[in-house]
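K.L.:
Below you'll find final-v3.cif; it's mmCIF, C-alpha atoms (C1' of nucleotides).
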data_final
#
loop_
_atom_site.label_atom_id
_atom_site.label_comp_id
_atom_site.auth_asym_id
_atom_site.auth_seq_id
_atom_site.Cartn_x
_atom_site.Cartn_y
_atom_site.Cartn_z
CA MET A 1 15.72 -13.11 10.75
CA LYS A 2 12.20 -14.27 10.54
CA GLU A 3 12.80 -17.98 10.41
CA LYS A 4 13.58 -19.14 13.90
CA PHE A 5 13.30 -22.82 14.58
CA GLN A 6 11.20 -23.67 17.59
CA PHE A 7 11.72 -27.42 17.46
CA ASP A 8 12.18 -29.72 20.43
CA ASP A 9 15.35 -31.71 21.16
CA GLU A 10 14.14 -34.83 19.40
CA GLN A 11 13.47 -32.93 16.22
CA LEU A 12 16.82 -31.17 16.41
CA GLU A 13 18.45 -34.61 16.69
CA GLN A 14 16.75 -35.65 13.46
CA PHE A 15 18.10 -32.53 11.78
CA ARG A 16 21.65 -33.37 12.75
CA ASP A 17 21.28 -36.81 11.23
CA VAL A 18 19.79 -35.53 8.03
CA PHE A 19 21.57 -32.26 7.32
CA ALA A 20 25.19 -31.71 6.34
CA PRO A 21 27.36 -29.58 8.66
CA GLN A 22 29.26 -26.85 6.84
CA PHE A 23 31.57 -23.94 7.59
CA VAL A 24 32.00 -20.58 5.89
CA GLU A 25 34.58 -17.92 6.71
CA LYS A 26 33.63 -14.31 7.48
CA GLY A 27 33.17 -12.35 4.27
CA ASN A 28 32.64 -15.38 2.02
CA SER A 29 29.42 -16.10 0.13
CA ILE A 30 27.30 -19.21 0.00
CA LEU A 31 24.85 -17.89 -2.63
CA LEU A 32 25.37 -15.36 -5.42
CA GLN A 33 22.66 -13.40 -7.25
CA GLY A 34 21.89 -15.22 -10.51
CA ASP A 35 22.98 -18.67 -9.31
CA ILE A 36 20.55 -21.43 -8.40
CA CYS A 37 20.10 -21.75 -4.63
CA LYS A 38 21.06 -25.38 -3.98
CA TYR A 39 20.51 -25.49 -0.22
CA GLY A 40 19.27 -23.58 2.79
CA ALA A 41 21.35 -23.01 5.90
CA PHE A 42 20.42 -23.55 9.54
CA VAL A 43 23.01 -21.58 11.53
CA THR A 44 24.52 -23.27 14.59
CA GLN A 45 27.22 -20.68 15.26
CA GLY A 46 28.03 -17.29 13.73
CA CYS A 47 25.81 -15.15 11.51
CA LEU A 48 24.76 -15.04 7.86
CA ARG A 49 22.89 -12.36 5.92
CA SER A 50 20.96 -12.14 2.66
CA TYR A 51 20.94 -8.96 0.61
CA VAL A 52 20.34 -7.50 -2.84
CA ILE A 53 22.26 -4.92 -4.85
CA ASP A 54 19.90 -2.41 -6.47
CA SER A 55 20.21 -0.64 -9.81
CA LYS A 56 22.10 2.23 -8.14
CA GLY A 57 24.66 -0.20 -6.72
CA ARG A 58 23.42 0.03 -3.14
CA GLU A 59 23.14 -2.96 -0.79
CA HIS A 60 19.84 -3.74 0.92
CA ILE A 61 19.81 -6.40 3.61
CA ILE A 62 16.81 -8.72 3.54
CA GLN A 63 17.56 -10.87 6.54
CA PHE A 64 20.09 -11.70 9.26
CA ALA A 65 20.49 -15.31 10.44
CA PRO A 66 22.35 -15.75 13.75
CA GLU A 67 22.36 -18.99 15.78
CA ASN A 68 19.18 -21.10 15.52
CA TRP A 69 17.82 -19.17 12.55
CA TRP A 70 17.70 -20.36 9.03
CA ILE A 71 18.15 -18.63 5.72
CA ALA A 72 17.64 -19.60 2.07
CA GLU A 73 16.11 -18.32 -1.10
CA GLN A 74 13.11 -20.64 -1.07
CA LEU A 75 11.84 -19.70 -4.51
CA SER A 76 15.16 -20.25 -6.24
CA MET A 77 15.59 -23.57 -4.41
CA ALA A 78 12.09 -24.87 -5.09
CA ARG A 79 11.89 -23.81 -8.74
CA GLN A 80 15.54 -24.10 -9.71
CA GLN A 81 15.55 -20.53 -10.97
CA PRO A 82 18.25 -17.83 -10.61
CA ALA A 83 18.48 -16.27 -7.15
CA MET A 84 17.62 -12.60 -6.78
CA TYR A 85 19.80 -12.12 -3.74
CA ASN A 86 23.16 -12.97 -2.21
CA ILE A 87 23.92 -14.77 1.04
CA ASP A 88 27.25 -14.32 2.81
CA ALA A 89 28.87 -14.63 6.24
CA ILE A 90 29.08 -11.64 8.61
CA GLU A 91 31.07 -13.80 11.05
CA ASP A 92 32.84 -17.17 10.75
CA THR A 93 29.80 -19.41 10.63
CA HIS A 94 28.93 -23.06 11.18
CA TYR A 95 25.64 -24.21 9.70
CA LEU A 96 23.64 -27.23 8.62
CA ALA A 97 22.97 -27.33 4.89
CA PHE A 98 19.69 -28.83 3.71
CA THR A 99 19.12 -29.50 0.04
CA ASN A 100 15.84 -30.56 -1.54
CA GLU A 101 17.12 -34.12 -1.27
CA TYR A 102 17.68 -33.80 2.48
CA TYR A 103 14.25 -32.32 2.75
CA THR A 104 12.77 -35.42 1.11
CA ARG A 105 14.67 -37.66 3.53
CA LEU A 106 13.40 -35.62 6.46
CA ASN A 107 9.86 -36.11 5.20
CA ALA A 108 10.42 -39.87 5.21
CA LEU A 109 11.67 -39.74 8.80
CA ASN A 110 8.95 -37.40 9.96
CA PRO A 111 5.82 -36.97 7.82
CA GLN A 112 4.87 -33.79 9.66
CA ALA A 113 8.06 -32.10 8.52
CA LYS A 114 6.25 -30.53 5.58
CA ASP A 115 3.67 -28.91 7.82
CA MET A 116 6.40 -27.70 10.14
CA PHE A 117 8.19 -26.03 7.27
CA ASN A 118 4.97 -24.52 6.02
CA SER A 119 4.28 -23.11 9.43
CA LEU A 120 7.79 -21.70 9.51
CA PHE A 121 7.32 -20.21 6.09
CA MET A 122 4.10 -18.58 7.25
CA ASN A 123 6.01 -16.99 10.13
CA SER A 124 8.46 -15.55 7.64
CA PHE A 125 5.64 -14.20 5.55
CA HIS A 126 4.04 -12.57 8.54
CA ALA A 127 7.32 -11.01 9.68
CA MET A 128 7.98 -9.65 6.22
CA GLN A 129 4.50 -8.14 6.12
CA LYS A 130 5.06 -6.43 9.45
CA ARG A 131 8.36 -5.07 8.18
CA LEU A 132 6.69 -3.69 5.07
CA ILE A 133 3.98 -2.07 7.18
CA SER A 134 6.57 -0.48 9.45
CA HIS A 135 8.14 1.06 6.34
CA LEU A 136 4.74 2.40 5.32
CA SER A 137 3.89 3.87 8.70
CA ALA A 138 6.95 4.49 10.89
CA THR A 139 9.99 6.80 10.87
CA GLY A 140 13.58 5.56 10.83
CA GLU A 141 13.88 6.21 14.54
CA GLU A 142 10.76 4.19 15.31
CA ARG A 143 12.00 1.31 13.17
CA TYR A 144 15.38 1.37 14.93
CA VAL A 145 13.81 1.28 18.40
CA GLU A 146 11.62 -1.59 17.29
CA PHE A 147 14.63 -3.40 15.84
CA ASN A 148 16.52 -3.06 19.11
CA LYS A 149 13.61 -4.48 21.03
CA THR A 150 13.06 -7.42 18.69
CA TYR A 151 16.66 -8.30 17.86
CA SER A 152 18.55 -6.98 20.88
CA MET A 153 21.05 -9.84 20.67
CA LEU A 154 22.02 -8.65 17.19
CA ALA A 155 22.23 -4.92 17.80
CA THR A 156 25.61 -5.24 19.49
CA ARG A 157 27.35 -7.71 17.24
CA ILE A 158 26.30 -6.49 13.80
CA PRO A 159 28.10 -3.48 12.22
CA GLN A 160 25.93 -0.38 12.32
CA LYS A 161 26.05 0.15 8.61
CA MET A 162 24.39 -3.23 8.13
CA ILE A 163 21.68 -2.38 10.60
CA ALA A 164 21.16 0.85 8.68
CA SER A 165 20.90 -1.14 5.46
CA TYR A 166 18.35 -3.46 7.05
CA LEU A 167 16.32 -0.51 8.30
CA GLY A 168 16.42 1.21 4.92
CA ILE A 169 18.36 4.30 6.04
CA THR A 170 21.92 5.54 5.53
CA PRO A 171 24.67 4.89 8.13
CA GLU A 172 24.89 8.64 8.76
CA THR A 173 21.20 8.86 9.58
CA LEU A 174 21.43 5.89 11.94
CA SER A 175 24.39 7.51 13.68
CA ARG A 176 22.35 10.66 14.24
CA ILE A 177 19.34 8.70 15.46
CA ARG A 178 21.50 6.89 18.01
CA LYS A 179 22.99 10.16 19.22
CA GLU A 180 19.53 11.62 19.64
CA LEU A 181 18.30 8.54 21.56
CA VAL A 182 21.25 8.75 23.97
CA ARG A 183 20.44 12.40 24.62
CA LYS A 184 16.93 11.45 25.71
CA MET B 1 -2.30 -8.59 -5.56
CA LYS B 2 0.32 -11.20 -5.31
CA GLU B 3 -1.88 -14.26 -5.35
CA LYS B 4 -3.03 -14.85 -8.88
CA PHE B 5 -4.41 -18.23 -9.70
CA GLN B 6 -2.81 -19.84 -12.71
CA PHE B 7 -4.93 -22.99 -12.75
CA ASP B 8 -6.30 -24.80 -15.76
CA ASP B 9 -10.00 -25.20 -16.55
CA GLU B 10 -10.32 -28.58 -14.90
CA GLN B 11 -8.92 -27.24 -11.64
CA LEU B 12 -11.17 -24.20 -11.78
CA GLU B 13 -14.13 -26.57 -12.18
CA GLN B 14 -13.11 -28.34 -9.00
CA PHE B 15 -12.98 -25.02 -7.21
CA ARG B 16 -16.52 -24.17 -8.24
CA ASP B 17 -17.73 -27.45 -6.79
CA VAL B 18 -15.86 -27.06 -3.55
CA PHE B 19 -16.06 -23.37 -2.76
CA ALA B 20 -19.08 -21.32 -1.78
CA PRO B 21 -20.09 -18.39 -4.02
CA GLN B 22 -20.62 -15.16 -2.09
CA PHE B 23 -21.42 -11.51 -2.72
CA VAL B 24 -20.35 -8.35 -0.90
CA GLU B 25 -21.51 -4.81 -1.60
CA LYS B 26 -19.08 -1.96 -2.26
CA GLY B 27 -17.83 -0.51 1.02
CA ASN B 28 -18.70 -3.54 3.15
CA SER B 29 -16.13 -5.65 5.00
CA ILE B 30 -15.58 -9.39 5.01
CA LEU B 31 -12.84 -9.36 7.67
CA LEU B 32 -12.23 -6.97 10.56
CA GLN B 33 -8.96 -6.46 12.43
CA GLY B 34 -9.07 -8.54 15.62
CA ASP B 35 -11.54 -11.12 14.29
CA ILE B 36 -10.56 -14.64 13.29
CA CYS B 37 -10.26 -14.99 9.52
CA LYS B 38 -12.72 -17.80 8.74
CA TYR B 39 -12.23 -18.00 4.97
CA GLY B 40 -10.24 -16.73 2.03
CA ALA B 41 -11.83 -15.21 -1.07
CA PHE B 42 -11.20 -15.97 -4.72
CA VAL B 43 -12.65 -12.99 -6.62
CA THR B 44 -14.71 -13.76 -9.71
CA GLN B 45 -16.01 -10.22 -10.30
CA GLY B 46 -15.26 -6.87 -8.64
CA CYS B 47 -12.35 -5.98 -6.36
CA LEU B 48 -11.39 -6.48 -2.72
CA ARG B 49 -8.57 -4.96 -0.69
CA SER B 50 -6.77 -5.73 2.55
CA TYR B 51 -5.38 -2.95 4.72
CA VAL B 52 -4.23 -2.04 8.22
CA ILE B 53 -4.83 1.05 10.34
CA ASP B 54 -1.63 2.21 12.04
CA SER B 55 -1.18 3.82 15.45
CA LYS B 56 -1.62 7.29 13.92
CA GLY B 57 -4.95 6.29 12.40
CA ARG B 58 -3.70 6.06 8.82
CA GLU B 59 -4.73 3.34 6.37
CA HIS B 60 -2.10 1.26 4.60
CA ILE B 61 -3.21 -1.05 1.81
CA ILE B 62 -1.53 -4.44 1.79
CA GLN B 63 -3.12 -5.93 -1.29
CA PHE B 64 -5.72 -5.48 -4.02
CA ALA B 65 -7.64 -8.51 -5.32
CA PRO B 66 -9.48 -7.97 -8.63
CA GLU B 67 -10.89 -10.82 -10.79
CA ASN B 68 -8.96 -14.11 -10.61
CA TRP B 69 -6.92 -13.08 -7.60
CA TRP B 70 -7.37 -14.31 -4.11
CA ILE B 71 -7.04 -12.67 -0.74
CA ALA B 72 -7.04 -13.89 2.85
CA GLU B 73 -5.14 -13.54 6.08
CA GLN B 74 -3.46 -16.93 5.95
CA LEU B 75 -1.93 -16.77 9.41
CA SER B 76 -5.18 -15.86 11.14
CA MET B 77 -7.00 -18.57 9.21
CA ALA B 78 -4.42 -21.31 9.81
CA ARG B 79 -3.82 -20.58 13.50
CA GLN B 80 -7.24 -19.26 14.47
CA GLN B 81 -5.70 -16.11 15.86
CA PRO B 82 -6.95 -12.48 15.61
CA ALA B 83 -6.45 -10.87 12.19
CA MET B 84 -4.06 -7.94 11.95
CA TYR B 85 -5.78 -6.43 8.94
CA ASN B 86 -9.16 -5.67 7.41
CA ILE B 87 -10.59 -6.85 4.10
CA ASP B 88 -13.37 -4.93 2.37
CA ALA B 89 -14.93 -4.36 -1.06
CA ILE B 90 -13.80 -1.51 -3.32
CA GLU B 91 -16.50 -2.50 -5.82
CA ASP B 92 -19.58 -4.76 -5.65
CA THR B 93 -17.83 -8.10 -5.61
CA HIS B 94 -18.63 -11.77 -6.30
CA TYR B 95 -16.19 -14.26 -4.86
CA LEU B 96 -15.72 -17.90 -3.91
CA ALA B 97 -15.19 -18.41 -0.18
CA PHE B 98 -12.91 -21.21 0.94
CA THR B 99 -12.73 -22.20 4.59
CA ASN B 100 -10.27 -24.64 6.13
CA GLU B 101 -12.99 -27.26 5.76
CA TYR B 102 -13.31 -26.61 2.03
CA TYR B 103 -9.57 -26.77 1.81
CA THR B 104 -9.62 -30.26 3.34
CA ARG B 105 -12.29 -31.37 0.87
CA LEU B 106 -10.22 -30.04 -1.99
CA ASN B 107 -7.26 -32.06 -0.76
CA ALA B 108 -9.43 -35.18 -0.87
CA LEU B 109 -10.46 -34.41 -4.45
CA ASN B 110 -6.97 -33.46 -5.56
CA PRO B 111 -3.99 -34.52 -3.43
CA GLN B 112 -1.72 -32.03 -5.17
CA ALA B 113 -3.86 -29.14 -3.95
CA LYS B 114 -1.57 -28.60 -0.99
CA ASP B 115 1.48 -28.21 -3.20
CA MET B 116 -0.43 -25.85 -5.46
CA PHE B 117 -1.35 -23.65 -2.54
CA ASN B 118 2.23 -23.76 -1.27
CA SER B 119 3.48 -22.68 -4.64
CA LEU B 120 0.95 -19.88 -4.65
CA PHE B 121 2.01 -18.86 -1.19
CA MET B 122 5.61 -18.77 -2.33
CA ASN B 123 4.62 -16.40 -5.12
CA SER B 124 3.04 -14.12 -2.57
CA PHE B 125 6.14 -14.20 -0.48
CA HIS B 126 8.32 -13.34 -3.43
CA ALA B 127 6.06 -10.47 -4.49
CA MET B 128 6.04 -9.08 -0.97
CA GLN B 129 9.82 -9.25 -0.85
CA LYS B 130 10.10 -7.34 -4.10
CA ARG B 131 7.72 -4.73 -2.77
CA LEU B 132 9.81 -4.32 0.38
CA ILE B 133 12.96 -3.97 -1.69
CA SER B 134 11.34 -1.33 -3.88
CA HIS B 135 10.56 0.62 -0.70
CA LEU B 136 14.20 0.31 0.34
CA SER B 137 15.63 1.36 -2.99
CA ALA B 138 13.19 3.35 -5.13
CA THR B 139 11.47 6.77 -5.00
CA GLY B 140 7.70 7.22 -4.98
CA GLU B 141 7.77 8.07 -8.66
CA GLU B 142 9.70 4.91 -9.54
CA ARG B 143 7.29 2.79 -7.51
CA TYR B 144 4.32 4.39 -9.23
CA VAL B 145 5.73 3.77 -12.71
CA GLU B 146 6.41 0.16 -11.72
CA PHE B 147 2.90 -0.18 -10.33
CA ASN B 148 1.38 1.07 -13.58
CA LYS B 149 3.40 -1.42 -15.58
CA THR B 150 2.58 -4.38 -13.35
CA TYR B 151 -1.05 -3.62 -12.53
CA SER B 152 -2.15 -1.48 -15.47
CA MET B 153 -5.65 -2.97 -15.36
CA LEU B 154 -6.04 -1.61 -11.83
CA ALA B 155 -4.59 1.86 -12.30
CA THR B 156 -7.75 3.11 -13.99
CA ARG B 157 -10.43 1.57 -11.82
CA ILE B 158 -8.98 2.11 -8.33
CA PRO B 159 -9.29 5.53 -6.63
CA GLN B 160 -5.98 7.37 -6.64
CA LYS B 161 -5.89 7.76 -2.89
CA MET B 162 -5.89 3.98 -2.56
CA ILE B 163 -3.04 3.64 -5.01
CA ALA B 164 -1.18 6.25 -2.98
CA SER B 165 -1.85 4.24 0.16
CA TYR B 166 -0.57 1.08 -1.53
CA LEU B 167 2.57 2.89 -2.67
CA GLY B 168 3.18 4.37 0.76
CA ILE B 169 2.82 8.03 -0.23
CA THR B 170 0.15 10.69 0.36
CA PRO B 171 -2.56 11.38 -2.26
CA GLU B 172 -1.09 14.89 -2.74
CA THR B 173 2.32 13.49 -3.58
CA LEU B 174 0.83 11.00 -6.05
CA SER B 175 -1.09 13.81 -7.72
CA ARG B 176 2.13 15.78 -8.17
CA ILE B 177 3.99 12.71 -9.47
CA ARG B 178 1.27 12.14 -12.08
CA LYS B 179 1.39 15.78 -13.15
CA GLU B 180 5.14 15.57 -13.52
CA LEU B 181 4.92 12.35 -15.57
CA VAL B 182 2.38 13.91 -17.94
CA ARG B 183 4.74 16.84 -18.46
CA LYS B 184 7.48 14.46 -19.63
"C1'" DC C 1 53.69 2.21 12.74
"C1'" DG C 2 50.45 3.16 8.85
"C1'" DT C 3 46.53 2.09 6.16
"C1'" DG C 4 41.68 1.44 5.40
"C1'" DG C 5 37.17 0.69 7.02
"C1'" DA C 6 33.65 2.20 10.44
"C1'" DG C 7 31.54 5.65 12.73
"C1'" DT C 8 30.69 10.62 13.65
"C1'" DT C 9 29.71 15.34 12.59
"C1'" DG C 10 28.56 19.38 9.67
"C1'" DA C 11 26.32 21.92 5.77
"C1'" DA C 12 23.58 21.89 1.85
"C1'" DT C 13 20.01 19.65 -0.58
"C1'" DA C 14 16.03 16.68 -2.03
"C1'" DC C 15 11.98 14.31 -1.31
"C1'" DG C 16 7.80 13.77 0.61
"C1'" DA C 17 4.42 15.25 4.42
"C1'" DT C 18 1.41 18.53 6.21
"C1'" DC C 19 -1.94 22.13 6.24
"C1'" DA C 20 -5.02 24.81 3.68
"C1'" DA C 21 -7.75 26.34 -0.19
"C1'" DC C 22 -10.29 25.30 -4.14
"C1'" DA C 23 -12.28 22.93 -8.44
"C1'" DC C 24 -14.88 19.13 -9.98
"C1'" DC C 25 -18.10 15.81 -10.18
"C1'" DG C 26 -22.05 12.37 -8.56
"C1'" DG C 27 -25.60 11.71 -5.84
"C1'" DT C 28 -29.55 13.15 -2.74
"C1'" DG C 29 -33.37 15.61 -1.34
"C1'" DG C 30 -36.23 19.68 -1.70
"C1'" DC D 1 -34.87 20.03 -12.15
"C1'" DC D 2 -31.87 22.36 -9.50
"C1'" DA D 3 -29.35 23.26 -5.07
"C1'" DC D 4 -26.58 21.41 -1.97
"C1'" DC D 5 -23.36 18.32 -0.02
"C1'" DG D 6 -19.43 15.22 0.56
"C1'" DG D 7 -15.80 12.96 -1.33
"C1'" DT D 8 -11.90 13.04 -4.64
"C1'" DG D 9 -8.30 15.14 -6.71
"C1'" DT D 10 -5.39 19.36 -7.55
"C1'" DT D 11 -2.39 23.11 -6.35
"C1'" DG D 12 0.35 26.17 -3.33
"C1'" DA D 13 3.34 27.20 0.71
"C1'" DT D 14 5.81 25.53 4.38
"C1'" DC D 15 8.02 22.17 7.21
"C1'" DG D 16 10.50 17.91 8.60
"C1'" DT D 17 13.01 13.84 7.74
"C1'" DA D 18 16.54 11.66 5.57
"C1'" DT D 19 20.22 11.93 1.77
"C1'" DT D 20 24.35 13.50 -0.08
"C1'" DC D 21 28.97 14.98 0.04
"C1'" DA D 22 32.85 16.04 2.66
"C1'" DA D 23 36.00 16.13 6.49
"C1'" DC D 24 37.68 14.09 10.49
"C1'" DT D 25 38.50 10.55 14.43
"C1'" DC D 26 39.18 6.14 15.97
"C1'" DC D 27 40.53 1.59 15.93
"C1'" DA D 28 41.68 -3.09 14.16
"C1'" DC D 29 44.77 -5.39 11.43
"C1'" DG D 30 48.57 -6.01 8.50
#
Here is the file; what I need is its structure written in the form of structure tokens.
P.N.:
Amino acid sequence: MKEKFQFDDEQLEQFRDVFAPQFVEKGNSILLQGDICKYGAFVTQGCLRSYVIDSKGREHIIQFAPENWWIAEQLSMARQQPAMYNIDAIEDTHYLAFTNEYYTRLNALNPQAKDMFNSLFMNSFHAMQKRLISHLSATGEERYVEFNKTYSMLATRIPQKMIASYLGITPETLSRIRKELVRK
Amino acid sequence: MKEKFQFDDEQLEQFRDVFAPQFVEKGNSILLQGDICKYGAFVTQGCLRSYVIDSKGREHIIQFAPENWWIAEQLSMARQQPAMYNIDAIEDTHYLAFTNEYYTRLNALNPQAKDMFNSLFMNSFHAMQKRLISHLSATGEERYVEFNKTYSMLATRIPQKMIASYLGITPETLSRIRKELVRK
DNA sequence: CGTGGAGTTGAATACGATCAACACCGGTGG
DNA sequence: CCACCGGTGTTGATCGTATTCAACTCCACG
């Protein structure tokens, strides 16, 4: 969710040359908890999500990645260590896969690529921090309203129970919140 | 909390040459919300904290930084934009200040510095993600037990109300959790 | 059709927040 | 040296938000 590319056309052209186009069917995974994350995905059509399963067996969604967003477990990819979360497809999805090798080739093409990715990573960090703060200071209803403002394009196409999972509330609670908001 | 330096002695020597030693008295701030973050701080003695004030006037602690940890608002520093949080001293604190300029000089001394900082930043990101997940999946009691395990050195020297703020619960609730844990 | 997942609604419950009172220092000034 | 004060932590009572468990509707898909 937090990693939106803001590159110009020329840069996007470079990406198409360097990255490998892939397809994944709705419901299928591209990364499983415990595996090594071999590549990140820049979504061109469809939507991916990353999530964890906690000790009580409940799913918690970390991030959605619709068109023009990217998703990966950076730490697992960079350090070749087991991934702590899963990534799968909410819809049939086309994406560009970039491995560490592709990343190196991109650096050769464009030496500023590293700084671009760092900047992107900083955005992610900032977004995650804001999300944590909203959990520390806001109610479920406030978080949902905020979510709708920020990710309005997603609110309609993502199942409610996944939005609930992202917001850290149960589907029932989200249903009641929505009812209450309509009433107002 | 999340940014612990794991450098060897030689690297630490370089830091001492490049960074500026500073001192801040207990209760005083080194960064105010809305200001531009001019430098980060590597704590050599004492303890700093970063926190935000939400719309209801409540404090939420983002991070503690005791000895050998560092703290900064990276985004504000890198982009020269207003800081979203405050940094102040919980104890009388000695630290090494590093500005963007110092950072450049360090790069000249040691070209791998950038990768080191990136790696460090990735650690922070990972820690923040785990903290978010614990808010999505665990109770206050579970988070407190986890906190004590991970940051045992801090649990004794930090006021309880600040630990409560870090955990996202009220001081009263933390007091009751502690009482309950003693009973067990 | 009919089956299963998604969403809704209800009732009971749990967890933590809030408000208020009080005990316990640690420091300051008379 | 003691009295007072403010801040920290504790405890109690009450309230609010969200969870849990269960039943039911609706719809998409086989």
K.L.:
Mind listing as JSON, numbers by chain which residues of chain A are within 9 Å of chain C, counting all atoms listed in the file?
P.N.:
{"A": [159, 160, 161, 171, 172, 175, 176]}
K.L.:
One decimal, in Å: what's the spacing between atom CA of Met84 of chain A and atom CA of Ser119 of chain A?
P.N.:
23.5 Å
K.L.:
Could you spell out the hits of the PyMOL selection byres ((chain A and resi 130) around 12) on the shown file, as JSON, numbers by chain?
P.N.:
{"A": [2, 123, 124, 125, 126, 127, 128, 129, 131, 132, 133, 134, 135, 136, 137, 138, 143, 146, 147], "B": [51, 52, 54, 60, 62, 84, 85, 128, 129, 132]}
K.L.:
Using all atoms listed in the file, find each residue of chain D with at least one atom at most 9 Å away from an atom of chain B; report its shortest atom-to-atom pair and that distance in Å (one decimal), sort the rows by chain and rising residue number, and return the result as JSON lines.
P.N.:
{"residue": "D:DT8", "atom": "C1'", "partner": "B:Lys161", "partner_atom": "CA", "distance": 8.2}
{"residue": "D:DG9", "atom": "C1'", "partner": "B:Ser175", "partner_atom": "CA", "distance": 7.4}
{"residue": "D:DT10", "atom": "C1'", "partner": "B:Ser175", "partner_atom": "CA", "distance": 7.0}
{"residue": "D:DT11", "atom": "C1'", "partner": "B:Arg176", "partner_atom": "CA", "distance": 8.8}
K.L.:
Which of these residues is nearest to chain B, using all atoms listed in the file: A:Thr156, A:Asn100, A:Ser76, A:Thr150?
P.N.:
A:Ser76
K.L.:
So that I can check the surroundings of segment 34-43 of chain B, please list as a compact mmCIF listing (two decimals) with C-alpha atoms, in the coordinates of the input every protein, DNA and RNA residue that reaches within 6 Å of it, counting all atoms listed in the file and ignoring chain neighbours fewer than 6 positions away.
P.N.:
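Below is the file that was written, out.txt:
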# COMPACT_ATOMS: atom_id res chain seq x y z
CA GLU B 67 -10.89 -10.82 -10.79
CA ASN B 68 -8.96 -14.11 -10.61
CA TRP B 69 -6.92 -13.08 -7.60
CA TRP B 70 -7.37 -14.31 -4.11
CA ILE B 71 -7.04 -12.67 -0.74
CA ALA B 72 -7.04 -13.89 2.85
CA SER B 76 -5.18 -15.86 11.14
CA MET B 77 -7.00 -18.57 9.21
CA GLN B 80 -7.24 -19.26 14.47
CA GLN B 81 -5.70 -16.11 15.86
CA PRO B 82 -6.95 -12.48 15.61
CA ALA B 83 -6.45 -10.87 12.19
CA TYR B 95 -16.19 -14.26 -4.86
CA LEU B 96 -15.72 -17.90 -3.91
CA ALA B 97 -15.19 -18.41 -0.18
CA PHE B 98 -12.91 -21.21 0.94
CA THR B 99 -12.73 -22.20 4.59
K.L.:
Give me, please, the distance in Å between atom C1' of DT25 of chain D and atom CA of Lys26 of chain A, quoted to one decimal.
P.N.:
26.3 Å
K.L.:
Applying the PyMOL selection byres ((chain D and resi 17) around 9) to the file I just gave you, which residues come out? Please list them as a ChimeraX atom specification.
P.N.:
/A:139-140 /C:16 /D:16,18
K.L.:
Report, in Å to a single decimal, how far apart atom CA of Ile177 of chain B and atom CA of Ile169 of chain A are.
P.N.:
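Taking atom CA of Ile169 of chain A and atom CA of Ile177 of chain B, their separation equals 22.8 Å.
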K.L.:
Output the residue selection produced by the PyMOL selection byres ((chain B and resi 47) around 12) on the file above, formatted as an MDAnalysis selection string.
P.N.:
chainID B and resid 1 23:29 41:46 48:50 63:71 87:95 153:154 157:159
